[in-house]
Amino acid sequence: MGFHLGDDTDQGMSEINLIPLIDIMLVLMIIFLVTATIVNPAVKLNLPKADAAVVPDQPEVVTLSIDAAGVIHWNQDVVSLDEVAKRMNAAAQAPTKPSLHLRTDREAKYDTLAQVLARANQAGLTDLAFVSEATH
């Protein structure tokens with residue numbers, strides 16, 4: 001790497017060695033980076049404060065099933081809509097509210113499901129999950 005000035009017959013020095021210049025530039029860059037971090041060692045950020053609360057135990061799971069005939073099952077017990085409302089109100093008074101898993105037959109009437117959802121809303125049970133069968 002060099003410059004050729006004039007003819008090849010001249011005996012003078014025609015190349016410039018750039019390696020010492022590159023070395024000096026790299027040393028100056030390292031010195032600049034070190035002094036920049038000493039002058040300003042940290043970036044001040046206004047981060048939000050967060051408190052970690054103890055995660056409560058998993059709530060009780062209540063499975064509500066509605067078959068094609070409109071019969072409602074609370075876990076394994078056959079219940080009426082009024083009994084569902086009573087049990088939901090009692091469950092809402094517990095220290096930890098249960099999680100409701102709703103299973104409905106595809107032939108079940110939507111009206112029955114809507115009434116169960118309305119009663120859960122009135123009782124204040126908000127942890128609802130719709131359970132479906134996995135098809136492979």
# chains A, B, ... in the order shown; residues from 1 in each chain; ligands from 1
$ select_by_dssp --residues "stretch 20-127 of chain A" --states "alpha helix (DSSP H)" --output "ChimeraX atom specification"
/A:20-39,81-92,110-123
$ select_by_dssp --residues "chain A" --states "strand (DSSP E or B)" --output "PyMOL selection string"
chain A and resi 61-66+72-74+77-79+99-104+128-130
$ atom_distance --atom1 "atom CA of A:Val34" --atom2 "atom CA of A:Leu18"
24.8 Å
$ atom_distance --atom1 "atom CA of A:Ser99" --atom2 "atom CA of A:Ala69"
24.5 Å
$ residues_around --residues "stretch 58-67 of chain A" --least-positions-apart "6" --cutoff "10 Å" --atoms "only C-alpha atoms" --output "number ranges by chain"
A: 73-79, 84, 88, 91, 95-109, 112-113, 116, 127-131
$ write_last_selection --atoms "C-alpha atoms" --output "PDB file, in the first residue's frame"
ATOM      1  CA  HIS A  73     -74.031 -30.429  36.024  1.00  0.00           C
ATOM      2  CA  TRP A  74     -72.134 -28.729  38.885  1.00  0.00           C
ATOM      3  CA  ASN A  75     -69.017 -30.894  38.935  1.00  0.00           C
ATOM      4  CA  GLN A  76     -70.847 -34.274  38.874  1.00  0.00           C
ATOM      5  CA  ASP A  77     -74.151 -33.202  40.490  1.00  0.00           C
ATOM      6  CA  VAL A  78     -77.235 -32.475  38.378  1.00  0.00           C
ATOM      7  CA  VAL A  79     -78.602 -29.031  39.360  1.00  0.00           C
ATOM      8  CA  VAL A  84     -76.635 -22.942  40.151  1.00  0.00           C
ATOM      9  CA  MET A  88     -72.506 -19.445  42.754  1.00  0.00           C
ATOM     10  CA  ALA A  91     -68.944 -19.692  46.210  1.00  0.00           C
ATOM     11  CA  PRO A  95     -62.257 -16.149  50.701  1.00  0.00           C
ATOM     12  CA  THR A  96     -60.940 -17.396  47.361  1.00  0.00           C
ATOM     13  CA  LYS A  97     -63.451 -17.397  44.544  1.00  0.00           C
ATOM     14  CA  PRO A  98     -63.482 -20.564  42.465  1.00  0.00           C
ATOM     15  CA  SER A  99     -62.615 -20.772  38.806  1.00  0.00           C
ATOM     16  CA  LEU A 100     -65.531 -21.844  36.632  1.00  0.00           C
ATOM     17  CA  HIS A 101     -64.808 -24.178  33.725  1.00  0.00           C
ATOM     18  CA  LEU A 102     -67.765 -24.250  31.351  1.00  0.00           C
ATOM     19  CA  ARG A 103     -68.338 -27.260  29.116  1.00  0.00           C
ATOM     20  CA  THR A 104     -71.252 -27.271  26.724  1.00  0.00           C
ATOM     21  CA  ASP A 105     -72.422 -29.818  24.230  1.00  0.00           C
ATOM     22  CA  ARG A 106     -72.446 -28.462  20.689  1.00  0.00           C
ATOM     23  CA  GLU A 107     -76.160 -29.276  20.494  1.00  0.00           C
ATOM     24  CA  ALA A 108     -76.999 -27.397  23.734  1.00  0.00           C
ATOM     25  CA  LYS A 109     -79.138 -24.288  23.540  1.00  0.00           C
ATOM     26  CA  THR A 112     -79.094 -22.108  28.863  1.00  0.00           C
ATOM     27  CA  LEU A 113     -75.443 -21.050  28.592  1.00  0.00           C
ATOM     28  CA  VAL A 116     -75.553 -19.608  33.489  1.00  0.00           C
ATOM     29  CA  ASP A 127     -62.770 -16.292  36.487  1.00  0.00           C
ATOM     30  CA  LEU A 128     -64.436 -18.208  33.652  1.00  0.00           C
ATOM     31  CA  ALA A 129     -62.929 -20.621  31.166  1.00  0.00           C
ATOM     32  CA  PHE A 130     -64.598 -22.308  28.225  1.00  0.00           C
ATOM     33  CA  VAL A 131     -63.423 -25.908  27.856  1.00  0.00           C
TER      34      VAL A 131
END
